file final18.pdb (PDB, N, CA and C atoms and all ligand atoms)
ATOM      1  N   MET A  23      63.482  96.323 182.847
ATOM      2  CA  MET A  23      64.551  97.279 182.713
ATOM      3  C   MET A  23      64.017  98.536 182.012
ATOM      4  N   TRP A  24      64.295  99.678 182.623
ATOM      5  CA  TRP A  24      63.887 100.940 182.005
ATOM      6  C   TRP A  24      65.006 101.430 181.095
ATOM      7  N   PHE A  25      64.660 101.919 179.935
ATOM      8  CA  PHE A  25      65.677 102.569 179.101
ATOM      9  C   PHE A  25      65.169 103.938 178.643
ATOM     10  N   LYS A  26      66.133 104.831 178.497
ATOM     11  CA  LYS A  26      65.839 106.202 178.094
ATOM     12  C   LYS A  26      65.670 106.231 176.578
ATOM     13  N   ALA A  27      64.476 106.627 176.127
ATOM     14  CA  ALA A  27      64.179 106.541 174.698
ATOM     15  C   ALA A  27      64.587 107.805 173.945
ATOM     16  N   PHE A  28      64.067 108.948 174.370
ATOM     17  CA  PHE A  28      64.340 110.223 173.712
ATOM     18  C   PHE A  28      63.751 111.318 174.580
ATOM     19  N   SER A  29      63.916 112.546 174.135
ATOM     20  CA  SER A  29      63.410 113.663 174.942
ATOM     21  C   SER A  29      61.900 113.806 174.766
ATOM     22  N   LEU A  30      61.273 114.301 175.808
ATOM     23  CA  LEU A  30      59.840 114.595 175.717
ATOM     24  C   LEU A  30      59.602 115.667 174.661
ATOM     25  N   ALA A  31      60.549 116.603 174.534
ATOM     26  CA  ALA A  31      60.425 117.653 173.517
ATOM     27  C   ALA A  31      60.352 117.036 172.120
ATOM     28  N   ARG A  32      61.140 116.017 171.871
ATOM     29  CA  ARG A  32      61.106 115.379 170.550
ATOM     30  C   ARG A  32      59.760 114.719 170.306
ATOM     31  N   LEU A  33      59.249 114.039 171.322
ATOM     32  CA  LEU A  33      57.950 113.376 171.156
ATOM     33  C   LEU A  33      56.869 114.414 170.861
ATOM     34  N   ARG A  34      56.910 115.519 171.573
ATOM     35  CA  ARG A  34      55.891 116.561 171.362
ATOM     36  C   ARG A  34      56.048 117.194 169.975
ATOM     37  N   ARG A  35      57.281 117.292 169.510
ATOM     38  CA  ARG A  35      57.509 117.878 168.186
ATOM     39  C   ARG A  35      57.065 116.917 167.079
ATOM     40  N   GLU A  36      57.402 115.638 167.226
ATOM     41  CA  GLU A  36      57.131 114.672 166.157
ATOM     42  C   GLU A  36      55.789 113.962 166.327
ATOM     43  N   GLN A  37      55.238 114.000 167.536
ATOM     44  CA  GLN A  37      53.938 113.407 167.868
ATOM     45  C   GLN A  37      53.941 111.884 167.909
ATOM     46  N   ARG A  38      54.636 111.255 167.008
ATOM     47  CA  ARG A  38      54.795 109.799 167.053
ATOM     48  C   ARG A  38      56.270 109.510 166.821
ATOM     49  N   CYS A  39      56.842 108.701 167.664
ATOM     50  CA  CYS A  39      58.244 108.342 167.492
ATOM     51  C   CYS A  39      58.367 106.825 167.432
ATOM     52  N   VAL A  40      59.203 106.372 166.552
ATOM     53  CA  VAL A  40      59.523 104.947 166.462
ATOM     54  C   VAL A  40      60.968 104.787 166.903
ATOM     55  N   ILE A  41      61.197 103.841 167.794
ATOM     56  CA  ILE A  41      62.543 103.628 168.302
ATOM     57  C   ILE A  41      62.836 102.135 168.267
ATOM     58  N   GLU A  42      64.074 101.810 167.980
ATOM     59  CA  GLU A  42      64.483 100.405 168.004
ATOM     60  C   GLU A  42      65.108 100.089 169.338
ATOM     61  N   HIS A  43      64.732  98.960 169.864
ATOM     62  CA  HIS A  43      65.340  98.509 171.107
ATOM     63  C   HIS A  43      65.367  96.981 171.085
ATOM     64  N   ALA A  44      66.554  96.430 171.228
ATOM     65  CA  ALA A  44      66.739  94.982 171.278
ATOM     66  C   ALA A  44      66.002  94.290 170.131
ATOM     67  N   ASP A  45      66.270  94.744 168.922
ATOM     68  CA  ASP A  45      65.699  94.162 167.703
ATOM     69  C   ASP A  45      64.188  94.312 167.597
ATOM     70  N   GLN A  46      63.625  95.204 168.388
ATOM     71  CA  GLN A  46      62.191  95.457 168.281
ATOM     72  C   GLN A  46      61.997  96.921 167.922
ATOM     73  N   GLU A  47      60.950  97.184 167.180
ATOM     74  CA  GLU A  47      60.541  98.565 166.933
ATOM     75  C   GLU A  47      59.380  98.887 167.847
ATOM     76  N   LEU A  48      59.530  99.979 168.590
ATOM     77  CA  LEU A  48      58.462 100.431 169.467
ATOM     78  C   LEU A  48      57.904 101.735 168.926
ATOM     79  N   LEU A  49      56.611 101.856 168.989
ATOM     80  CA  LEU A  49      55.927 103.090 168.612
ATOM     81  C   LEU A  49      55.529 103.803 169.893
ATOM     82  N   VAL A  50      55.890 105.077 169.991
ATOM     83  CA  VAL A  50      55.599 105.864 171.188
ATOM     84  C   VAL A  50      54.819 107.097 170.760
ATOM     85  N   LEU A  51      53.758 107.373 171.465
ATOM     86  CA  LEU A  51      52.961 108.565 171.156
ATOM     87  C   LEU A  51      52.320 109.082 172.432
ATOM     88  N   GLU A  52      51.880 110.328 172.353
ATOM     89  CA  GLU A  52      51.281 110.972 173.512
ATOM     90  C   GLU A  52      49.885 111.452 173.153
ATOM     91  N   LEU A  53      48.952 111.151 174.018
ATOM     92  CA  LEU A  53      47.592 111.657 173.854
ATOM     93  C   LEU A  53      47.125 112.188 175.197
ATOM     94  N   ASP A  54      46.699 113.430 175.220
ATOM     95  CA  ASP A  54      46.190 114.049 176.446
ATOM     96  C   ASP A  54      47.136 113.873 177.626
ATOM     97  N   GLY A  55      48.409 114.020 177.361
ATOM     98  CA  GLY A  55      49.387 113.972 178.428
ATOM     99  C   GLY A  55      49.790 112.576 178.862
ATOM    100  N   VAL A  56      49.207 111.553 178.247
ATOM    101  CA  VAL A  56      49.576 110.171 178.572
ATOM    102  C   VAL A  56      50.455 109.637 177.443
ATOM    103  N   ILE A  57      51.569 109.027 177.811
ATOM    104  CA  ILE A  57      52.485 108.485 176.816
ATOM    105  C   ILE A  57      52.278 106.981 176.714
ATOM    106  N   TYR A  58      52.068 106.519 175.495
ATOM    107  CA  TYR A  58      51.836 105.102 175.230
ATOM    108  C   TYR A  58      53.010 104.553 174.423
ATOM    109  N   ALA A  59      53.390 103.339 174.740
ATOM    110  CA  ALA A  59      54.435 102.666 173.973
ATOM    111  C   ALA A  59      53.923 101.267 173.629
ATOM    112  N   LEU A  60      54.066 100.889 172.382
ATOM    113  CA  LEU A  60      53.595  99.579 171.938
ATOM    114  C   LEU A  60      54.473  99.077 170.793
ATOM    115  N   ASP A  61      54.404  97.785 170.568
ATOM    116  CA  ASP A  61      55.149  97.237 169.436
ATOM    117  C   ASP A  61      54.651  97.880 168.151
ATOM    118  N   ASN A  62      55.589  98.253 167.315
ATOM    119  CA  ASN A  62      55.223  98.843 166.026
ATOM    120  C   ASN A  62      55.029  97.732 165.009
ATOM    121  N   LEU A  63      54.170  96.796 165.361
ATOM    122  CA  LEU A  63      54.019  95.596 164.544
ATOM    123  C   LEU A  63      52.589  95.077 164.695
ATOM    124  N   CYS A  64      51.866  95.161 163.632
ATOM    125  CA  CYS A  64      50.488  94.656 163.679
ATOM    126  C   CYS A  64      50.503  93.120 163.717
ATOM    127  N   PRO A  65      49.772  92.523 164.637
ATOM    128  CA  PRO A  65      49.778  91.060 164.729
ATOM    129  C   PRO A  65      49.051  90.371 163.584
ATOM    130  N   HIS A  66      48.388  91.130 162.752
ATOM    131  CA  HIS A  66      47.690  90.506 161.626
ATOM    132  C   HIS A  66      48.684  90.013 160.575
ATOM    133  N   GLN A  67      49.347  90.959 159.907
ATOM    134  CA  GLN A  67      50.307  90.558 158.873
ATOM    135  C   GLN A  67      51.643  91.274 159.043
ATOM    136  N   ALA A  68      51.939  91.608 160.307
ATOM    137  CA  ALA A  68      53.251  92.147 160.666
ATOM    138  C   ALA A  68      53.600  93.439 159.924
ATOM    139  N   MET A  69      52.617  94.259 159.659
ATOM    140  CA  MET A  69      52.876  95.563 159.067
ATOM    141  C   MET A  69      53.097  96.576 160.189
ATOM    142  N   SER A  70      53.705  97.699 159.848
ATOM    143  CA  SER A  70      53.948  98.728 160.851
ATOM    144  C   SER A  70      52.646  99.423 161.242
ATOM    145  N   LEU A  71      52.600  99.810 162.515
ATOM    146  CA  LEU A  71      51.412 100.505 163.016
ATOM    147  C   LEU A  71      51.604 102.018 163.100
ATOM    148  N   ASP A  72      52.799 102.502 162.826
ATOM    149  CA  ASP A  72      53.075 103.912 163.127
ATOM    150  C   ASP A  72      52.309 104.903 162.257
ATOM    151  N   HIS A  73      51.739 104.468 161.169
ATOM    152  CA  HIS A  73      50.902 105.380 160.380
ATOM    153  C   HIS A  73      49.420 105.100 160.605
ATOM    154  N   GLY A  74      49.137 104.320 161.646
ATOM    155  CA  GLY A  74      47.752 103.969 161.931
ATOM    156  C   GLY A  74      46.907 105.167 162.322
ATOM    157  N   LEU A  75      45.615 104.942 162.318
ATOM    158  CA  LEU A  75      44.650 106.001 162.617
ATOM    159  C   LEU A  75      44.369 106.029 164.117
ATOM    160  N   LEU A  76      44.663 107.186 164.720
ATOM    161  CA  LEU A  76      44.425 107.345 166.160
ATOM    162  C   LEU A  76      43.005 107.835 166.401
ATOM    163  N   ASP A  77      42.356 107.255 167.379
ATOM    164  CA  ASP A  77      41.064 107.771 167.827
ATOM    165  C   ASP A  77      41.271 108.315 169.236
ATOM    166  N   PRO A  78      41.329 109.646 169.391
ATOM    167  CA  PRO A  78      41.637 110.223 170.698
ATOM    168  C   PRO A  78      40.507 110.065 171.708
ATOM    169  N   GLU A  79      39.317 109.761 171.270
ATOM    170  CA  GLU A  79      38.209 109.561 172.217
ATOM    171  C   GLU A  79      38.197 108.126 172.731
ATOM    172  N   ASP A  80      38.328 107.182 171.838
ATOM    173  CA  ASP A  80      38.332 105.774 172.254
ATOM    174  C   ASP A  80      39.709 105.297 172.683
ATOM    175  N   LEU A  81      40.730 106.138 172.448
ATOM    176  CA  LEU A  81      42.114 105.777 172.764
ATOM    177  C   LEU A  81      42.509 104.469 172.076
ATOM    178  N   THR A  82      42.296 104.468 170.774
ATOM    179  CA  THR A  82      42.633 103.291 169.981
ATOM    180  C   THR A  82      43.501 103.697 168.790
ATOM    181  N   LEU A  83      44.157 102.701 168.253
ATOM    182  CA  LEU A  83      44.969 102.862 167.048
ATOM    183  C   LEU A  83      44.518 101.798 166.056
ATOM    184  N   THR A  84      44.168 102.236 164.863
ATOM    185  CA  THR A  84      43.691 101.314 163.838
ATOM    186  C   THR A  84      44.738 101.163 162.753
ATOM    187  N   CYS A  85      45.116  99.945 162.494
ATOM    188  CA  CYS A  85      46.081  99.644 161.433
ATOM    189  C   CYS A  85      45.476 100.037 160.085
ATOM    190  N   LEU A  86      46.285 100.716 159.275
ATOM    191  CA  LEU A  86      45.761 101.196 157.994
ATOM    192  C   LEU A  86      45.595 100.078 156.976
ATOM    193  N   HIS A  87      46.223  98.944 157.222
ATOM    194  CA  HIS A  87      46.252  97.928 156.175
ATOM    195  C   HIS A  87      44.943  97.157 156.055
ATOM    196  N   HIS A  88      44.435  96.657 157.175
ATOM    197  CA  HIS A  88      43.161  95.915 157.128
ATOM    198  C   HIS A  88      42.255  96.308 158.285
ATOM    199  N   HIS A  89      42.603  97.409 158.931
ATOM    200  CA  HIS A  89      41.723  98.050 159.925
ATOM    201  C   HIS A  89      41.518  97.270 161.206
ATOM    202  N   TRP A  90      42.462  96.466 161.577
ATOM    203  CA  TRP A  90      42.404  95.914 162.924
ATOM    204  C   TRP A  90      42.672  97.072 163.884
ATOM    205  N   CYS A  91      41.934  97.069 164.997
ATOM    206  CA  CYS A  91      41.969  98.206 165.911
ATOM    207  C   CYS A  91      42.421  97.738 167.299
ATOM    208  N   PHE A  92      43.268  98.534 167.952
ATOM    209  CA  PHE A  92      43.850  98.133 169.244
ATOM    210  C   PHE A  92      43.739  99.266 170.252
ATOM    211  N   ARG A  93      43.441  98.893 171.504
ATOM    212  CA  ARG A  93      43.442  99.886 172.573
ATOM    213  C   ARG A  93      44.877 100.286 172.880
ATOM    214  N   LEU A  94      45.087 101.574 173.103
ATOM    215  CA  LEU A  94      46.439 102.048 173.385
ATOM    216  C   LEU A  94      46.918 101.618 174.769
ATOM    217  N   ASN A  95      46.001 101.528 175.725
ATOM    218  CA  ASN A  95      46.457 101.293 177.097
ATOM    219  C   ASN A  95      46.911  99.856 177.343
ATOM    220  N   ASP A  96      46.282  98.887 176.698
ATOM    221  CA  ASP A  96      46.698  97.501 176.933
ATOM    222  C   ASP A  96      46.917  96.700 175.649
ATOM    223  N   GLY A  97      46.725  97.327 174.501
ATOM    224  CA  GLY A  97      46.999  96.665 173.236
ATOM    225  C   GLY A  97      45.947  95.676 172.777
ATOM    226  N   GLN A  98      44.876  95.527 173.550
ATOM    227  CA  GLN A  98      43.860  94.542 173.181
ATOM    228  C   GLN A  98      43.130  94.971 171.908
ATOM    229  N   GLY A  99      42.924  94.024 171.022
ATOM    230  CA  GLY A  99      42.154  94.308 169.823
ATOM    231  C   GLY A  99      40.703  94.566 170.169
ATOM    232  N   THR A 100      40.112  95.519 169.465
ATOM    233  CA  THR A 100      38.698  95.813 169.716
ATOM    234  C   THR A 100      37.795  95.159 168.675
ATOM    235  N   ASN A 101      38.361  94.811 167.529
ATOM    236  CA  ASN A 101      37.560  94.136 166.512
ATOM    237  C   ASN A 101      38.220  92.826 166.078
ATOM    238  N   ASN A 102      39.039  92.297 166.969
ATOM    239  CA  ASN A 102      39.725  91.035 166.714
ATOM    240  C   ASN A 102      40.224  90.514 168.062
ATOM    241  N   ARG A 103      40.743  89.317 168.085
ATOM    242  CA  ARG A 103      41.202  88.732 169.355
ATOM    243  C   ARG A 103      42.687  88.921 169.594
ATOM    244  N   ALA A 104      43.337  89.595 168.700
ATOM    245  CA  ALA A 104      44.787  89.773 168.827
ATOM    246  C   ALA A 104      45.097  90.862 169.840
ATOM    247  N   ARG A 105      46.338  90.919 170.197
ATOM    248  CA  ARG A 105      46.804  91.938 171.139
ATOM    249  C   ARG A 105      48.181  92.414 170.695
ATOM    250  N   VAL A 106      48.384  93.712 170.809
ATOM    251  CA  VAL A 106      49.697  94.299 170.572
ATOM    252  C   VAL A 106      50.355  94.494 171.932
ATOM    253  N   ARG A 107      51.598  94.166 172.023
ATOM    254  CA  ARG A 107      52.290  94.324 173.291
ATOM    255  C   ARG A 107      52.477  95.808 173.618
ATOM    256  N   THR A 108      52.211  96.148 174.861
ATOM    257  CA  THR A 108      52.386  97.523 175.315
ATOM    258  C   THR A 108      53.432  97.548 176.428
ATOM    259  N   TYR A 109      53.954  98.749 176.694
ATOM    260  CA  TYR A 109      55.044  98.899 177.653
ATOM    261  C   TYR A 109      54.780 100.084 178.563
ATOM    262  N   PRO A 110      55.116  99.965 179.842
ATOM    263  CA  PRO A 110      55.009 101.118 180.743
ATOM    264  C   PRO A 110      55.954 102.234 180.311
ATOM    265  N   THR A 111      55.526 103.456 180.544
ATOM    266  CA  THR A 111      56.360 104.613 180.224
ATOM    267  C   THR A 111      56.391 105.557 181.421
ATOM    268  N   LYS A 112      57.384 106.414 181.439
ATOM    269  CA  LYS A 112      57.439 107.479 182.436
ATOM    270  C   LYS A 112      58.294 108.600 181.865
ATOM    271  N   VAL A 113      58.138 109.775 182.464
ATOM    272  CA  VAL A 113      58.954 110.927 182.071
ATOM    273  C   VAL A 113      59.783 111.334 183.275
ATOM    274  N   GLU A 114      61.077 111.455 183.056
ATOM    275  CA  GLU A 114      61.981 111.919 184.114
ATOM    276  C   GLU A 114      62.958 112.908 183.511
ATOM    277  N   ALA A 115      63.039 114.045 184.148
ATOM    278  CA  ALA A 115      64.001 115.077 183.739
ATOM    279  C   ALA A 115      63.923 115.360 182.239
ATOM    280  N   GLY A 116      62.706 115.425 181.727
ATOM    281  CA  GLY A 116      62.518 115.800 180.331
ATOM    282  C   GLY A 116      62.756 114.693 179.330
ATOM    283  N   ALA A 117      62.939 113.468 179.809
ATOM    284  CA  ALA A 117      63.166 112.341 178.899
ATOM    285  C   ALA A 117      62.053 111.302 179.067
ATOM    286  N   VAL A 118      61.758 110.625 177.973
ATOM    287  CA  VAL A 118      60.772 109.539 177.987
ATOM    288  C   VAL A 118      61.510 108.238 178.233
ATOM    289  N   TRP A 119      61.026 107.483 179.208
ATOM    290  CA  TRP A 119      61.598 106.187 179.549
ATOM    291  C   TRP A 119      60.560 105.114 179.284
ATOM    292  N   ILE A 120      61.041 103.945 178.852
ATOM    293  CA  ILE A 120      60.167 102.815 178.549
ATOM    294  C   ILE A 120      60.699 101.593 179.280
ATOM    295  N   GLU A 121      59.770 100.855 179.861
ATOM    296  CA  GLU A 121      60.182  99.643 180.585
ATOM    297  C   GLU A 121      59.970  98.417 179.695
ATOM    298  N   VAL A 122      61.037  97.678 179.481
ATOM    299  CA  VAL A 122      60.974  96.447 178.685
ATOM    300  C   VAL A 122      61.540  95.299 179.521
ATOM    301  N   GLU A 123      61.199  94.097 179.130
ATOM    302  CA  GLU A 123      61.779  92.937 179.793
ATOM    303  C   GLU A 123      63.203  92.775 179.318
ATOM    304  N   GLU A 124      64.059  92.280 180.203
ATOM    305  CA  GLU A 124      65.468  92.081 179.825
ATOM    306  C   GLU A 124      65.630  90.828 179.020
TER     307      GLU A 124
HETATM  308  S1  LIG A 201      48.385  94.133 158.792
HETATM  309 FE1  LIG A 201      47.342  95.306 160.283
HETATM  310  S2  LIG A 201      45.291  94.804 159.987
HETATM  311 FE2  LIG A 201      46.311  93.615 158.529
END
call {"tool": "encode", "arguments": {"input": "final18.pdb", "output": "structure tokens", "more": "lines below"}}
Ligand code: FES
result
Amino acid sequence: MWFKAFSLARLRREQRCVIEHADQELLVLELDGVIYALDNLCPHQAMSLDHGLLDPEDLTLTCLHHHWCFRLNDGQGTNNRARVRTYPTKVEAGAVWIEVEE
């Protein structure tokens, strides 16, 4: 199911947006015109990822707490075996949409 998250203008203004959907927090960000959406929850100790360190070359996000690192495109850990759930995104009529399971 696709749901309308917020405007693309808001994402560009704030750079990282956290949105709640069905009791989950999703982190949404844009890098080089690609919009990524992932659980805002580190699988290590369930801390938030939204203040994590972005690497725009490797397209990874590193949790600030203990430095577990995850690929933005599929959520796979690069220095651990964990994975963060990721979600398809699209832009329609100036809004960011995210696809989640019902
Ligand atoms: S809580 Fe994220 S690496 Fe430990």
call {"tool": "closest_atom_pairs", "arguments": {"input": "final18.pdb", "of": "chain A", "to": "ligand LIG 201 (chain A)", "cutoff": "8 Å", "atoms": "only N, CA and C atoms and all ligand atoms", "output": "JSON lines"}}
result
{"residue": "A:Leu63", "atom": "C", "partner": "A:LIG201", "partner_atom": "FE1", "distance": 6.9}
{"residue": "A:Cys64", "atom": "CA", "partner": "A:LIG201", "partner_atom": "FE1", "distance": 4.7}
{"residue": "A:Pro65", "atom": "N", "partner": "A:LIG201", "partner_atom": "FE1", "distance": 5.7}
{"residue": "A:His66", "atom": "C", "partner": "A:LIG201", "partner_atom": "S1", "distance": 4.5}
{"residue": "A:Gln67", "atom": "N", "partner": "A:LIG201", "partner_atom": "S1", "distance": 3.5}
{"residue": "A:Ala68", "atom": "N", "partner": "A:LIG201", "partner_atom": "S1", "distance": 4.6}
{"residue": "A:Met69", "atom": "N", "partner": "A:LIG201", "partner_atom": "S1", "distance": 4.3}
{"residue": "A:Ser70", "atom": "N", "partner": "A:LIG201", "partner_atom": "S1", "distance": 6.5}
{"residue": "A:Leu71", "atom": "CA", "partner": "A:LIG201", "partner_atom": "FE1", "distance": 7.1}
{"residue": "A:Thr84", "atom": "C", "partner": "A:LIG201", "partner_atom": "FE1", "distance": 6.9}
{"residue": "A:Cys85", "atom": "CA", "partner": "A:LIG201", "partner_atom": "FE1", "distance": 4.7}
{"residue": "A:Leu86", "atom": "N", "partner": "A:LIG201", "partner_atom": "FE1", "distance": 5.6}
{"residue": "A:His87", "atom": "C", "partner": "A:LIG201", "partner_atom": "FE2", "distance": 4.5}
{"residue": "A:His88", "atom": "N", "partner": "A:LIG201", "partner_atom": "S2", "distance": 3.5}
{"residue": "A:His89", "atom": "N", "partner": "A:LIG201", "partner_atom": "S2", "distance": 3.9}
{"residue": "A:Trp90", "atom": "N", "partner": "A:LIG201", "partner_atom": "S2", "distance": 3.6}
{"residue": "A:Cys91", "atom": "N", "partner": "A:LIG201", "partner_atom": "S2", "distance": 6.4}
call {"tool": "resolve_selection", "arguments": {"input": "final18.pdb", "expression": "the PyMOL selection byres (((chain A and resi 28) around 8) and not hetatm)", "output": "NGL selection string"}}
result
:A and (25-27 or 29-33 or 116-120)
call {"tool": "select_by_dssp", "arguments": {"input": "final18.pdb", "residues": "region 48-109 of chain A", "states": "strand (DSSP E)", "output": "list in words"}}
result
Leu48, Leu49, Val50, Leu51, Glu52, Leu53, Val56, Ile57, Tyr58, Ala59, Leu60, Asp61, Leu75, Leu76, Asp77, Thr82, Leu83, Thr84, Cys91, Phe92, Arg93, Thr108 and Tyr109 of chain A
call {"tool": "select_by_dssp", "arguments": {"input": "final18.pdb", "residues": "chain A", "states": "helix (DSSP H, G or I)", "output": "list in words"}}
result
Leu30, Ala31, Arg32, Leu33, Arg34, Arg35 and Glu36 of chain A
call {"tool": "write_last_selection", "arguments": {"input": "final18.pdb", "atoms": "N, CA and C atoms", "output": "short mmCIF file (atom, residue, chain, number, x, y, z; two decimals), in the frame of the given file"}}
result
data_model
loop_
_atom_site.label_atom_id
_atom_site.label_comp_id
_atom_site.auth_asym_id
_atom_site.auth_seq_id
_atom_site.Cartn_x
_atom_site.Cartn_y
_atom_site.Cartn_z
N LEU A 30 61.27 114.30 175.81
CA LEU A 30 59.84 114.60 175.72
C LEU A 30 59.60 115.67 174.66
N ALA A 31 60.55 116.60 174.53
CA ALA A 31 60.42 117.65 173.52
C ALA A 31 60.35 117.04 172.12
N ARG A 32 61.14 116.02 171.87
CA ARG A 32 61.11 115.38 170.55
C ARG A 32 59.76 114.72 170.31
N LEU A 33 59.25 114.04 171.32
CA LEU A 33 57.95 113.38 171.16
C LEU A 33 56.87 114.41 170.86
N ARG A 34 56.91 115.52 171.57
CA ARG A 34 55.89 116.56 171.36
C ARG A 34 56.05 117.19 169.98
N ARG A 35 57.28 117.29 169.51
CA ARG A 35 57.51 117.88 168.19
C ARG A 35 57.06 116.92 167.08
N GLU A 36 57.40 115.64 167.23
CA GLU A 36 57.13 114.67 166.16
C GLU A 36 55.79 113.96 166.33
#
call {"tool": "atom_distance", "arguments": {"input": "final18.pdb", "atom1": "atom C of His73 (chain A)", "atom2": "atom C of Leu49 (chain A)"}}
result
11.2 Å
call {"tool": "atom_distance", "arguments": {"input": "final18.pdb", "atom1": "CA of Leu51 (chain A)", "atom2": "CA of Asn101 (chain A)"}}
result
21.6 Å
call {"tool": "resolve_selection", "arguments": {"input": "final18.pdb", "expression": "the PyMOL selection byres (((chain A and resi 52) around 8) and not hetatm)", "output": "VMD selection string"}}
result
chain A and resid 33 to 34 37 to 39 49 to 51 53 to 59
call {"tool": "atom_distance", "arguments": {"input": "final18.pdb", "atom1": "CA of Tyr109 (chain A)", "atom2": "CA of Gln46 (chain A)"}}
result
12.3 Å
call {"tool": "residues_around", "arguments": {"input": "final18.pdb", "residues": "Asp96 (chain A)", "least_positions_apart": "2", "cutoff": "8 Å", "atoms": "only N, CA and C atoms", "output": "ChimeraX atom specification"}}
result
/A:92-94,98-99,105-109
call {"tool": "closest_residue", "arguments": {"input": "final18.pdb", "among": "A:Val40, A:Leu75, A:Val113, A:Leu81", "to": "Asn62 (chain A)", "atoms": "only C-alpha atoms"}}
result
A:Val40
call {"tool": "resolve_selection", "arguments": {"input": "final18.pdb", "expression": "the PyMOL selection byres (((chain A and resi 23 and name CA) around 8) and not hetatm and name CA)", "output": "list in words"}}
result
Trp24, Phe25, Glu121, Val122, Glu123 and Glu124 of chain A
call {"tool": "axis_aligned_box", "arguments": {"input": "final18.pdb", "around": "region 45-48 of chain A", "padding_each_side": "3 Å", "output": "AutoDock Vina command-line options"}}
result
--center_x 62.1 --center_y 97.9 --center_z 168.2 --size_x 14.4 --size_y 13.6 --size_z 8.5
call {"tool": "build_atoms", "arguments": {"input": "final18.pdb", "residues": "region 85-90 of chain A", "atoms": "all heavy atoms", "output": "short mmCIF file (atom, residue, chain, number, x, y, z; two decimals), keeping the file's coordinate frame"}}
result
data_model
loop_
_atom_site.label_atom_id
_atom_site.label_comp_id
_atom_site.auth_asym_id
_atom_site.auth_seq_id
_atom_site.Cartn_x
_atom_site.Cartn_y
_atom_site.Cartn_z
N CYS A 85 45.12 99.94 162.49
CA CYS A 85 46.08 99.64 161.43
C CYS A 85 45.48 100.04 160.08
O CYS A 85 44.32 99.72 159.79
CB CYS A 85 46.41 98.15 161.47
SG CYS A 85 47.60 97.65 160.21
N LEU A 86 46.28 100.72 159.28
CA LEU A 86 45.76 101.20 157.99
C LEU A 86 45.60 100.08 156.98
O LEU A 86 44.89 100.25 155.99
CB LEU A 86 46.70 102.26 157.42
CG LEU A 86 46.72 103.60 158.14
CD1 LEU A 86 47.59 104.59 157.39
CD2 LEU A 86 45.31 104.16 158.32
N HIS A 87 46.22 98.94 157.22
CA HIS A 87 46.25 97.93 156.18
C HIS A 87 44.94 97.16 156.06
O HIS A 87 44.39 97.02 154.96
CB HIS A 87 47.44 97.00 156.39
CG HIS A 87 48.74 97.76 156.35
ND1 HIS A 87 49.32 98.17 155.19
CD2 HIS A 87 49.52 98.23 157.36
CE1 HIS A 87 50.43 98.85 155.46
NE2 HIS A 87 50.57 98.90 156.76
N HIS A 88 44.44 96.66 157.18
CA HIS A 88 43.16 95.92 157.13
C HIS A 88 42.26 96.31 158.28
O HIS A 88 41.34 95.58 158.64
CB HIS A 88 43.40 94.41 157.13
CG HIS A 88 44.46 93.98 156.15
ND1 HIS A 88 45.78 93.82 156.51
CD2 HIS A 88 44.38 93.72 154.83
CE1 HIS A 88 46.49 93.46 155.44
NE2 HIS A 88 45.66 93.40 154.41
N HIS A 89 42.60 97.41 158.93
CA HIS A 89 41.72 98.05 159.93
C HIS A 89 41.52 97.27 161.21
O HIS A 89 40.48 97.43 161.86
CB HIS A 89 40.39 98.43 159.27
CG HIS A 89 40.59 99.26 158.04
ND1 HIS A 89 40.25 98.82 156.78
CD2 HIS A 89 41.17 100.47 157.86
CE1 HIS A 89 40.59 99.73 155.89
NE2 HIS A 89 41.15 100.74 156.51
N TRP A 90 42.46 96.47 161.58
CA TRP A 90 42.40 95.91 162.92
C TRP A 90 42.67 97.07 163.88
O TRP A 90 43.56 97.91 163.64
CB TRP A 90 43.45 94.81 163.12
CG TRP A 90 43.06 93.52 162.47
CD1 TRP A 90 42.23 93.34 161.41
CD2 TRP A 90 43.54 92.23 162.84
NE1 TRP A 90 42.15 92.01 161.09
CE2 TRP A 90 42.93 91.30 161.95
CE3 TRP A 90 44.40 91.75 163.80
CZ2 TRP A 90 43.17 89.93 162.03
CZ3 TRP A 90 44.65 90.39 163.89
CH2 TRP A 90 44.04 89.49 163.02
#
